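Chemist: Have a look at the structure that comes next, please.
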Amino acid sequence: AVLVLVHSPLPRLRALLQRCWGRLERGLWPGVFGGQSPPWGAALAVQGPALVPEGISGAEAPGLPGSVVWMAAPKHRRTIEVNRCRRRHPSKLIEIKRNIDVCPECGNLKQKHVLCGYCYAKVKEETRLIRMEIHKKEGGPFNAPTVETVVLYEGEKPTEKDEGKRIIERARKRPSWFVQN
Amino acid sequence: MRLSVAAAISHGRVYRRFGLSPRSRLDLLRNLVTALVRHERIETPWARADEMRGYAERLIDYAKRGDKDERAMRMADFWLTEKDLIHKLFKVLAPRFQPHSGSYTRLLQIPNRDGLDRAKMAVIELKGNALPPLVRPRRDSEKTLLNQLLKGYRQDAQRAAAP
């Protein structure tokens with residue numbers, strides 16, 4: 001007779017091992033040893049955990065389920081030198097712009113390839129007022145005219161180039177930056 | 001032999017993606033073209049203005065064929081959702097751009113939008129419109145300091161070379 005102690009932590013594995021061992025003992029598993037008798041003369045009992053094949057060696061805690069997700073975490077503290085190298089790398093610094101100029105009309109700053117914000121705001125406001133006059137003249141929606149349009153300021157008469165054009169009157173002096181053609 | 005294109009490579013694609021689908025992209029551009037023909041100057045995100053510019057110029061090329069042309073009328077009917085603008089296109093814009101052979105629009109960048117997105121904005125306008133000009137052409141003047149200094153230098157050089 002052989003004394004067997006199975007200390008496997010997993011009850012199902014333990015039950016399976018006990019069943020297999022029982023079958024081996026009673027000789028009900030003829031294929032294992034190739035027909036001869038099992039070779040245990042002075043077999044020693046083996047501790048349960050050594051019989052466990054591979055995989056989970058030592059549970060985290062008894063009673064915790066086996067499906068725990070392993071997540072990446074930093075192993076060591078990043079030193080301030082390493083941190084400085086990363087934070088101050090040229091690709092992370094703000095690049096200086098060298099394309100800023102002065103607008104020759106108003107003196108505000110502008111980017112070279114962009115319109116001046118102040119001058120554009122002036123033009124936008126004037127177009128808004130002109131469009132209000134157009135709206136008043138047209139009356140309703142979907143009344144786009146089939147002739148060209150010309151904008152005249154106070155005290156201006158239509159020239160012979162403005163024959164047959166729709167005239168939009170603006171009640172103010174002509175601004176210096178809006179040159180009449 | 002590679003028979004299919006890998007995802008996230010877009011070498012050589014010229015059309016940008018807008019809106020929810022290709023149909024929605026065309027609707028968006030169509031609205032912008034209609035607005036441009038109506039107001040002759042609009043302010044939109046730069047990418048949309050750039051995309052719309054080609055369609056607007058081709059529409060004017062079609063309009064130059066005259067309104068008796070069947071294809072031109074069908075194009076104008078599709079691209080202009082407000083039907084009174086078809087009259088404006090054939091009667092006002094086509095004669096206006098008859099002497100020009102291309103580039104009927106002007107696209108200029110303006111400062112980024114004021115909202116949270118700080119989008120890159122542009123203003124696109126038809127040339128020859130009645131609105132105030134966006135950019136005044138600067139002619140170099142004789143009276144600037146640099147030109148006066150250069151003139152003086154040239155005169156000194158001539159005086160030194162003459163005798």
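Order determines the names: the first chain of the structure tokens is A, the second B, and so forth; residues in each chain are numbered 1 upward, and ligands are numbered 1 upward as they are shown.
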Name the residues of range 76-155 of chain B that fall into strand (DSSP E or B) according to DSSP on the backbone, using the chain letters and numbers of this document, as a list in words.

Modeler: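 Taking range 76-155 of chain B and keeping strand (DSSP E or B) only, one gets Thr105, Arg106, Leu107, Leu108, Gln109, Ile110, Met121, Ala122, Val123, Ile124, Glu125 and Leu126 of chain B.
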
Chemist: Could you turn the residues from that selection into a file that holds N, CA and C atoms, as an mmCIF file, in the first residue's frame?

Modeler:
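Final output, saved to result.cif:
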```
data_model
loop_
_atom_site.group_PDB
_atom_site.id
_atom_site.type_symbol
_atom_site.label_atom_id
_atom_site.label_comp_id
_atom_site.auth_asym_id
_atom_site.auth_seq_id
_atom_site.Cartn_x
_atom_site.Cartn_y
_atom_site.Cartn_z
ATOM 1 N N THR B 105 -12.190 83.328 -59.010
ATOM 2 C CA THR B 105 -12.384 83.527 -57.569
ATOM 3 C C THR B 105 -11.061 83.875 -56.931
ATOM 4 N N ARG B 106 -11.175 84.485 -55.746
ATOM 5 C CA ARG B 106 -9.988 84.858 -54.976
ATOM 6 C C ARG B 106 -10.164 84.267 -53.598
ATOM 7 N N LEU B 107 -9.156 83.540 -53.126
ATOM 8 C CA LEU B 107 -9.238 82.865 -51.820
ATOM 9 C C LEU B 107 -8.160 83.444 -50.927
ATOM 10 N N LEU B 108 -8.563 84.042 -49.791
ATOM 11 C CA LEU B 108 -7.599 84.663 -48.885
ATOM 12 C C LEU B 108 -7.834 84.133 -47.483
ATOM 13 N N GLN B 109 -6.740 83.926 -46.763
ATOM 14 C CA GLN B 109 -6.894 83.422 -45.401
ATOM 15 C C GLN B 109 -7.115 84.592 -44.461
ATOM 16 N N ILE B 110 -7.977 84.377 -43.440
ATOM 17 C CA ILE B 110 -8.215 85.398 -42.431
ATOM 18 C C ILE B 110 -7.831 84.822 -41.078
ATOM 19 N N MET B 121 -9.834 79.920 -41.124
ATOM 20 C CA MET B 121 -10.925 80.453 -41.940
ATOM 21 C C MET B 121 -10.364 81.137 -43.165
ATOM 22 N N ALA B 122 -11.205 81.227 -44.187
ATOM 23 C CA ALA B 122 -10.824 81.908 -45.415
ATOM 24 C C ALA B 122 -12.030 82.670 -45.918
ATOM 25 N N VAL B 123 -11.752 83.690 -46.728
ATOM 26 C CA VAL B 123 -12.829 84.401 -47.398
ATOM 27 C C VAL B 123 -12.629 84.182 -48.889
ATOM 28 N N ILE B 124 -13.693 83.736 -49.558
ATOM 29 C CA ILE B 124 -13.622 83.465 -50.990
ATOM 30 C C ILE B 124 -14.600 84.406 -51.671
ATOM 31 N N GLU B 125 -14.123 85.075 -52.740
ATOM 32 C CA GLU B 125 -15.012 86.033 -53.395
ATOM 33 C C GLU B 125 -14.835 85.906 -54.900
ATOM 34 N N LEU B 126 -15.884 86.295 -55.616
ATOM 35 C CA LEU B 126 -15.810 86.353 -57.065
ATOM 36 C C LEU B 126 -15.128 87.654 -57.425
#
```

Chemist: As a tab-separated table (two decimals) with N, CA, C and O atoms, in the first residue's frame, please: all residues of chain B that backbone DSSP puts in helix (DSSP H, G or I).

Modeler:
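Done, and the output landed in part06.tsv:
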```tsv
chain	number	residue	atom	x	y	z
B	22	PRO	N	-20.42	60.86	-49.01
B	22	PRO	CA	-20.09	61.60	-50.24
B	22	PRO	C	-21.24	62.46	-50.73
B	22	PRO	O	-21.05	63.57	-51.22
B	23	ARG	N	-22.47	61.95	-50.59
B	23	ARG	CA	-23.64	62.74	-50.99
B	23	ARG	C	-23.76	64.00	-50.12
B	23	ARG	O	-24.04	65.09	-50.61
B	24	SER	N	-23.52	63.82	-48.82
B	24	SER	CA	-23.60	64.95	-47.90
B	24	SER	C	-22.50	65.96	-48.19
B	24	SER	O	-22.70	67.17	-48.08
B	25	ARG	N	-21.32	65.46	-48.61
B	25	ARG	CA	-20.24	66.37	-48.98
B	25	ARG	C	-20.66	67.22	-50.16
B	25	ARG	O	-20.44	68.44	-50.19
B	26	LEU	N	-21.29	66.59	-51.16
B	26	LEU	CA	-21.73	67.37	-52.34
B	26	LEU	C	-22.80	68.37	-51.95
B	26	LEU	O	-22.82	69.49	-52.47
B	27	ASP	N	-23.70	68.00	-51.05
B	27	ASP	CA	-24.74	68.94	-50.63
B	27	ASP	C	-24.13	70.14	-49.94
B	27	ASP	O	-24.52	71.29	-50.17
B	28	LEU	N	-23.12	69.87	-49.07
B	28	LEU	CA	-22.46	70.95	-48.37
B	28	LEU	C	-21.81	71.91	-49.35
B	28	LEU	O	-21.98	73.13	-49.29
B	29	LEU	N	-21.06	71.35	-50.31
B	29	LEU	CA	-20.38	72.20	-51.29
B	29	LEU	C	-21.39	72.93	-52.16
B	29	LEU	O	-21.16	74.08	-52.56
B	30	ARG	N	-22.50	72.28	-52.43
B	30	ARG	CA	-23.53	72.92	-53.24
B	30	ARG	C	-24.09	74.13	-52.51
B	30	ARG	O	-24.31	75.18	-53.12
B	31	ASN	N	-24.33	74.00	-51.20
B	31	ASN	CA	-24.82	75.15	-50.44
B	31	ASN	C	-23.83	76.30	-50.48
B	31	ASN	O	-24.21	77.47	-50.61
B	32	LEU	N	-22.53	75.94	-50.38
B	32	LEU	CA	-21.52	76.99	-50.40
B	32	LEU	C	-21.45	77.68	-51.75
B	32	LEU	O	-21.31	78.90	-51.83
B	33	VAL	N	-21.58	76.91	-52.84
B	33	VAL	CA	-21.54	77.50	-54.18
B	33	VAL	C	-22.74	78.43	-54.36
B	33	VAL	O	-22.62	79.54	-54.90
B	34	THR	N	-23.91	77.99	-53.89
B	34	THR	CA	-25.11	78.84	-53.99
B	34	THR	C	-24.90	80.14	-53.23
B	34	THR	O	-25.23	81.22	-53.73
B	35	ALA	N	-24.33	80.04	-52.02
B	35	ALA	CA	-24.10	81.25	-51.21
B	35	ALA	C	-23.11	82.17	-51.90
B	35	ALA	O	-23.27	83.39	-51.88
B	36	LEU	N	-22.07	81.58	-52.53
B	36	LEU	CA	-21.08	82.41	-53.20
B	36	LEU	C	-21.70	83.15	-54.37
B	36	LEU	O	-21.45	84.33	-54.58
B	37	VAL	N	-22.54	82.45	-55.15
B	37	VAL	CA	-23.16	83.12	-56.29
B	37	VAL	C	-24.13	84.19	-55.82
B	37	VAL	O	-24.26	85.24	-56.45
B	38	ARG	N	-24.79	83.97	-54.69
B	38	ARG	CA	-25.73	84.96	-54.21
B	38	ARG	C	-25.02	86.16	-53.63
B	38	ARG	O	-25.32	87.29	-53.98
B	39	HIS	N	-24.06	85.95	-52.71
B	39	HIS	CA	-23.48	87.05	-51.97
B	39	HIS	C	-22.15	87.53	-52.53
B	39	HIS	O	-21.65	88.55	-52.10
B	46	TRP	N	-11.28	77.20	-44.27
B	46	TRP	CA	-10.39	77.23	-45.43
B	46	TRP	C	-10.51	75.98	-46.30
B	46	TRP	O	-10.50	76.06	-47.52
B	47	ALA	N	-10.65	74.83	-45.63
B	47	ALA	CA	-10.71	73.58	-46.39
B	47	ALA	C	-11.95	73.56	-47.27
B	47	ALA	O	-11.90	73.15	-48.44
B	48	ARG	N	-13.09	74.01	-46.73
B	48	ARG	CA	-14.32	74.02	-47.52
B	48	ARG	C	-14.22	75.01	-48.67
B	48	ARG	O	-14.66	74.72	-49.79
B	49	ALA	N	-13.61	76.18	-48.38
B	49	ALA	CA	-13.49	77.18	-49.44
B	49	ALA	C	-12.60	76.65	-50.55
B	49	ALA	O	-12.91	76.81	-51.74
B	50	ASP	N	-11.51	75.99	-50.17
B	50	ASP	CA	-10.58	75.47	-51.17
B	50	ASP	C	-11.25	74.41	-52.03
B	50	ASP	O	-11.07	74.36	-53.24
B	51	GLU	N	-12.03	73.53	-51.38
B	51	GLU	CA	-12.71	72.46	-52.10
B	51	GLU	C	-13.76	73.04	-53.03
B	51	GLU	O	-13.96	72.56	-54.14
B	52	MET	N	-14.45	74.08	-52.56
B	52	MET	CA	-15.58	74.62	-53.29
B	52	MET	C	-15.12	75.45	-54.48
B	52	MET	O	-15.86	75.62	-55.45
B	53	ARG	N	-13.88	75.95	-54.42
B	53	ARG	CA	-13.39	76.86	-55.44
B	53	ARG	C	-13.39	76.22	-56.82
B	53	ARG	O	-13.82	76.82	-57.79
B	54	GLY	N	-12.92	74.96	-56.85
B	54	GLY	CA	-12.87	74.28	-58.13
B	54	GLY	C	-14.25	74.10	-58.74
B	54	GLY	O	-14.47	74.32	-59.94
B	55	TYR	N	-15.20	73.69	-57.90
B	55	TYR	CA	-16.57	73.49	-58.39
B	55	TYR	C	-17.17	74.79	-58.89
B	55	TYR	O	-17.83	74.83	-59.94
B	56	ALA	N	-16.92	75.90	-58.16
B	56	ALA	CA	-17.50	77.20	-58.57
B	56	ALA	C	-16.92	77.62	-59.91
B	56	ALA	O	-17.66	78.06	-60.81
B	57	GLU	N	-15.60	77.45	-60.09
B	57	GLU	CA	-14.99	77.91	-61.35
B	57	GLU	C	-15.46	77.05	-62.52
B	57	GLU	O	-15.73	77.56	-63.61
B	58	ARG	N	-15.60	75.74	-62.30
B	58	ARG	CA	-16.13	74.91	-63.38
B	58	ARG	C	-17.57	75.26	-63.71
B	58	ARG	O	-17.97	75.18	-64.87
B	59	LEU	N	-18.35	75.66	-62.69
B	59	LEU	CA	-19.73	76.06	-62.95
B	59	LEU	C	-19.76	77.30	-63.83
B	59	LEU	O	-20.57	77.39	-64.77
B	60	ILE	N	-18.85	78.25	-63.56
B	60	ILE	CA	-18.81	79.45	-64.40
B	60	ILE	C	-18.36	79.10	-65.82
B	60	ILE	O	-18.87	79.67	-66.80
B	61	ASP	N	-17.44	78.15	-65.94
B	61	ASP	CA	-17.03	77.71	-67.30
B	61	ASP	C	-18.22	77.14	-68.05
B	61	ASP	O	-18.40	77.39	-69.24
B	62	TYR	N	-19.03	76.34	-67.35
B	62	TYR	CA	-20.24	75.81	-67.99
B	62	TYR	C	-21.18	76.93	-68.38
B	62	TYR	O	-21.79	76.92	-69.45
B	63	ALA	N	-21.31	77.96	-67.47
B	63	ALA	CA	-22.25	79.04	-67.74
B	63	ALA	C	-21.81	79.85	-68.95
B	63	ALA	O	-22.65	80.39	-69.68
B	64	LYS	N	-20.48	79.90	-69.19
B	64	LYS	CA	-20.00	80.66	-70.34
B	64	LYS	C	-20.46	80.06	-71.65
B	64	LYS	O	-20.44	80.72	-72.69
B	70	GLU	N	-27.78	72.55	-73.14
B	70	GLU	CA	-28.55	71.69	-72.25
B	70	GLU	C	-27.74	71.28	-71.03
B	70	GLU	O	-28.21	71.30	-69.89
B	71	ARG	N	-26.47	70.90	-71.26
B	71	ARG	CA	-25.64	70.44	-70.14
B	71	ARG	C	-25.39	71.58	-69.16
B	71	ARG	O	-25.40	71.37	-67.95
B	72	ALA	N	-25.17	72.79	-69.71
B	72	ALA	CA	-24.91	73.93	-68.83
B	72	ALA	C	-26.12	74.18	-67.93
B	72	ALA	O	-25.99	74.43	-66.73
B	73	MET	N	-27.31	74.10	-68.53
B	73	MET	CA	-28.52	74.37	-67.75
B	73	MET	C	-28.71	73.30	-66.69
B	73	MET	O	-29.11	73.59	-65.56
B	74	ARG	N	-28.41	72.04	-67.02
B	74	ARG	CA	-28.58	70.97	-66.02
B	74	ARG	C	-27.58	71.13	-64.89
B	74	ARG	O	-27.90	70.92	-63.72
B	75	MET	N	-26.34	71.51	-65.23
B	75	MET	CA	-25.35	71.76	-64.19
B	75	MET	C	-25.80	72.87	-63.26
B	75	MET	O	-25.76	72.75	-62.03
B	76	ALA	N	-26.24	73.99	-63.87
B	76	ALA	CA	-26.66	75.13	-63.05
B	76	ALA	C	-27.86	74.73	-62.20
B	76	ALA	O	-27.97	75.12	-61.03
B	77	ASP	N	-28.75	73.91	-62.75
B	77	ASP	CA	-29.92	73.50	-62.01
B	77	ASP	C	-29.54	72.64	-60.81
B	77	ASP	O	-30.12	72.75	-59.73
B	78	PHE	N	-28.51	71.79	-60.99
B	78	PHE	CA	-28.10	70.97	-59.85
B	78	PHE	C	-27.37	71.81	-58.82
B	78	PHE	O	-27.66	71.72	-57.62
B	79	TRP	N	-26.40	72.64	-59.27
B	79	TRP	CA	-25.51	73.27	-58.30
B	79	TRP	C	-26.13	74.46	-57.60
B	79	TRP	O	-25.71	74.81	-56.52
B	84	ASP	N	-33.51	81.47	-58.58
B	84	ASP	CA	-33.34	82.80	-59.17
B	84	ASP	C	-31.85	83.08	-59.44
B	84	ASP	O	-31.51	83.96	-60.23
B	85	LEU	N	-30.96	82.30	-58.82
B	85	LEU	CA	-29.54	82.52	-59.06
B	85	LEU	C	-29.10	81.97	-60.40
B	85	LEU	O	-28.04	82.35	-60.90
B	86	ILE	N	-29.90	81.08	-61.00
B	86	ILE	CA	-29.55	80.58	-62.34
B	86	ILE	C	-29.59	81.74	-63.32
B	86	ILE	O	-28.71	81.88	-64.18
B	87	HIS	N	-30.60	82.61	-63.16
B	87	HIS	CA	-30.67	83.79	-64.02
B	87	HIS	C	-29.45	84.67	-63.81
B	87	HIS	O	-28.83	85.15	-64.76
B	88	LYS	N	-29.11	84.89	-62.50
B	88	LYS	CA	-27.94	85.75	-62.21
B	88	LYS	C	-26.68	85.14	-62.81
B	88	LYS	O	-25.85	85.86	-63.38
B	89	LEU	N	-26.55	83.81	-62.71
B	89	LEU	CA	-25.33	83.17	-63.22
B	89	LEU	C	-25.19	83.40	-64.71
B	89	LEU	O	-24.14	83.84	-65.19
B	90	PHE	N	-26.26	83.16	-65.50
B	90	PHE	CA	-26.14	83.25	-66.95
B	90	PHE	C	-26.14	84.68	-67.45
B	90	PHE	O	-25.55	84.98	-68.48
B	91	LYS	N	-26.82	85.59	-66.72
B	91	LYS	CA	-26.96	86.95	-67.26
B	91	LYS	C	-25.95	87.92	-66.69
B	91	LYS	O	-25.68	88.94	-67.30
B	92	VAL	N	-25.41	87.64	-65.48
B	92	VAL	CA	-24.49	88.60	-64.86
B	92	VAL	C	-23.08	88.04	-64.84
B	92	VAL	O	-22.14	88.67	-65.32
B	93	LEU	N	-22.91	86.82	-64.29
B	93	LEU	CA	-21.55	86.30	-64.08
B	93	LEU	C	-20.90	85.86	-65.38
B	93	LEU	O	-19.71	86.09	-65.59
B	94	ALA	N	-21.67	85.20	-66.27
B	94	ALA	CA	-21.05	84.74	-67.52
B	94	ALA	C	-20.51	85.91	-68.35
B	94	ALA	O	-19.35	85.86	-68.79
B	95	PRO	N	-21.28	87.00	-68.58
B	95	PRO	CA	-20.69	88.14	-69.31
B	95	PRO	C	-19.54	88.79	-68.56
B	95	PRO	O	-18.57	89.26	-69.18
B	96	ARG	N	-19.64	88.83	-67.22
B	96	ARG	CA	-18.57	89.48	-66.45
B	96	ARG	C	-17.25	88.77	-66.66
B	96	ARG	O	-16.19	89.40	-66.75
B	145	LEU	N	12.08	105.54	-47.79
B	145	LEU	CA	13.46	105.78	-47.37
B	145	LEU	C	14.41	104.88	-48.15
B	145	LEU	O	15.46	105.32	-48.64
B	146	LEU	N	14.03	103.61	-48.27
B	146	LEU	CA	14.93	102.65	-48.92
B	146	LEU	C	15.15	103.05	-50.37
B	146	LEU	O	16.28	103.04	-50.88
B	147	ASN	N	14.04	103.45	-51.05
B	147	ASN	CA	14.19	103.82	-52.46
B	147	ASN	C	15.00	105.09	-52.63
B	147	ASN	O	15.78	105.22	-53.57
B	148	GLN	N	14.87	106.04	-51.70
B	148	GLN	CA	15.66	107.27	-51.78
B	148	GLN	C	17.15	106.96	-51.59
B	148	GLN	O	18.00	107.49	-52.31
B	149	LEU	N	17.46	106.07	-50.63
B	149	LEU	CA	18.86	105.70	-50.40
B	149	LEU	C	19.43	104.99	-51.62
B	149	LEU	O	20.57	105.26	-52.04
B	150	LEU	N	18.64	104.10	-52.23
B	150	LEU	CA	19.13	103.38	-53.41
B	150	LEU	C	19.35	104.35	-54.56
B	150	LEU	O	20.34	104.24	-55.31
B	151	LYS	N	18.44	105.33	-54.68
B	151	LYS	CA	18.59	106.32	-55.76
B	151	LYS	C	19.88	107.12	-55.57
B	151	LYS	O	20.65	107.35	-56.51
B	152	GLY	N	20.13	107.51	-54.29
B	152	GLY	CA	21.35	108.26	-54.02
B	152	GLY	C	22.59	107.44	-54.32
B	152	GLY	O	23.56	107.92	-54.92
B	153	TYR	N	22.53	106.14	-53.99
B	153	TYR	CA	23.68	105.26	-54.25
B	153	TYR	C	23.94	105.15	-55.74
B	153	TYR	O	25.08	105.20	-56.21
B	154	ARG	N	22.84	105.00	-56.50
B	154	ARG	CA	22.98	104.87	-57.96
B	154	ARG	C	23.59	106.14	-58.54
B	154	ARG	O	24.47	106.08	-59.41
B	155	GLN	N	23.15	107.31	-58.04
B	155	GLN	CA	23.69	108.58	-58.56
B	155	GLN	C	25.17	108.70	-58.23
B	155	GLN	O	25.96	109.13	-59.07
B	156	ASP	N	25.55	108.32	-57.02
B	156	ASP	CA	26.97	108.36	-56.65
B	156	ASP	C	27.80	107.45	-57.53
B	156	ASP	O	28.89	107.82	-57.98
B	157	ALA	N	27.28	106.28	-57.82
B	157	ALA	CA	28.01	105.32	-58.67
B	157	ALA	C	28.20	105.90	-60.07
B	157	ALA	O	29.27	105.79	-60.68
B	158	GLN	N	27.13	106.56	-60.58
B	158	GLN	CA	27.23	107.14	-61.94
B	158	GLN	C	28.25	108.26	-61.97
B	158	GLN	O	29.05	108.38	-62.91
B	159	ARG	N	28.21	109.10	-60.91
B	159	ARG	CA	29.16	110.22	-60.87
B	159	ARG	C	30.58	109.72	-60.77
B	159	ARG	O	31.50	110.28	-61.34
B	160	ALA	N	30.77	108.64	-60.04
B	160	ALA	CA	32.13	108.09	-59.92
B	160	ALA	C	32.55	107.46	-61.23
B	160	ALA	O	33.72	107.54	-61.62
B	161	ALA	N	31.64	106.83	-61.96
B	161	ALA	CA	32.00	106.16	-63.22
B	161	ALA	C	32.13	107.14	-64.37
B	161	ALA	O	32.88	106.90	-65.31
```

Chemist: Between CA of Gly107 in chain A and CA of Lys120 in chain B, what distance in Å does the model show, to one decimal?

Modeler: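 Between CA of Gly107 in chain A and CA of Lys120 in chain B the gap is 22.9 Å.
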
Chemist: When the cut-off is 9 Å and we count only C-alpha atoms, which residues of chain A are near chain B, given as a list in words?

Modeler: Lys110, Gln111, His113, Val114, Leu115, Cys116, Gly117, Cys119, Tyr120, Val123, Lys124, Glu126, Thr127, Ile130, Arg131, Phe142, Asn143, Ala144, Pro145, Thr146, Val147, Glu148, Thr149, Val150, Val151, Trp177, Phe178 and Val179 of chain A

Chemist: Could you check how far CA of Glu156 in chain A sits from CA of Arg174 in chain A, in Å to one decimal?

Modeler: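 Rounded to one decimal, the two atoms are 9.1 Å apart.
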
Chemist: For CA of Arg170 in chain A and CA of Leu129 in chain A, determine how far apart the two atoms are, in Å to one decimal place.

Modeler: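 Taking CA of Arg170 in chain A and CA of Leu129 in chain A, their separation equals 8.2 Å.
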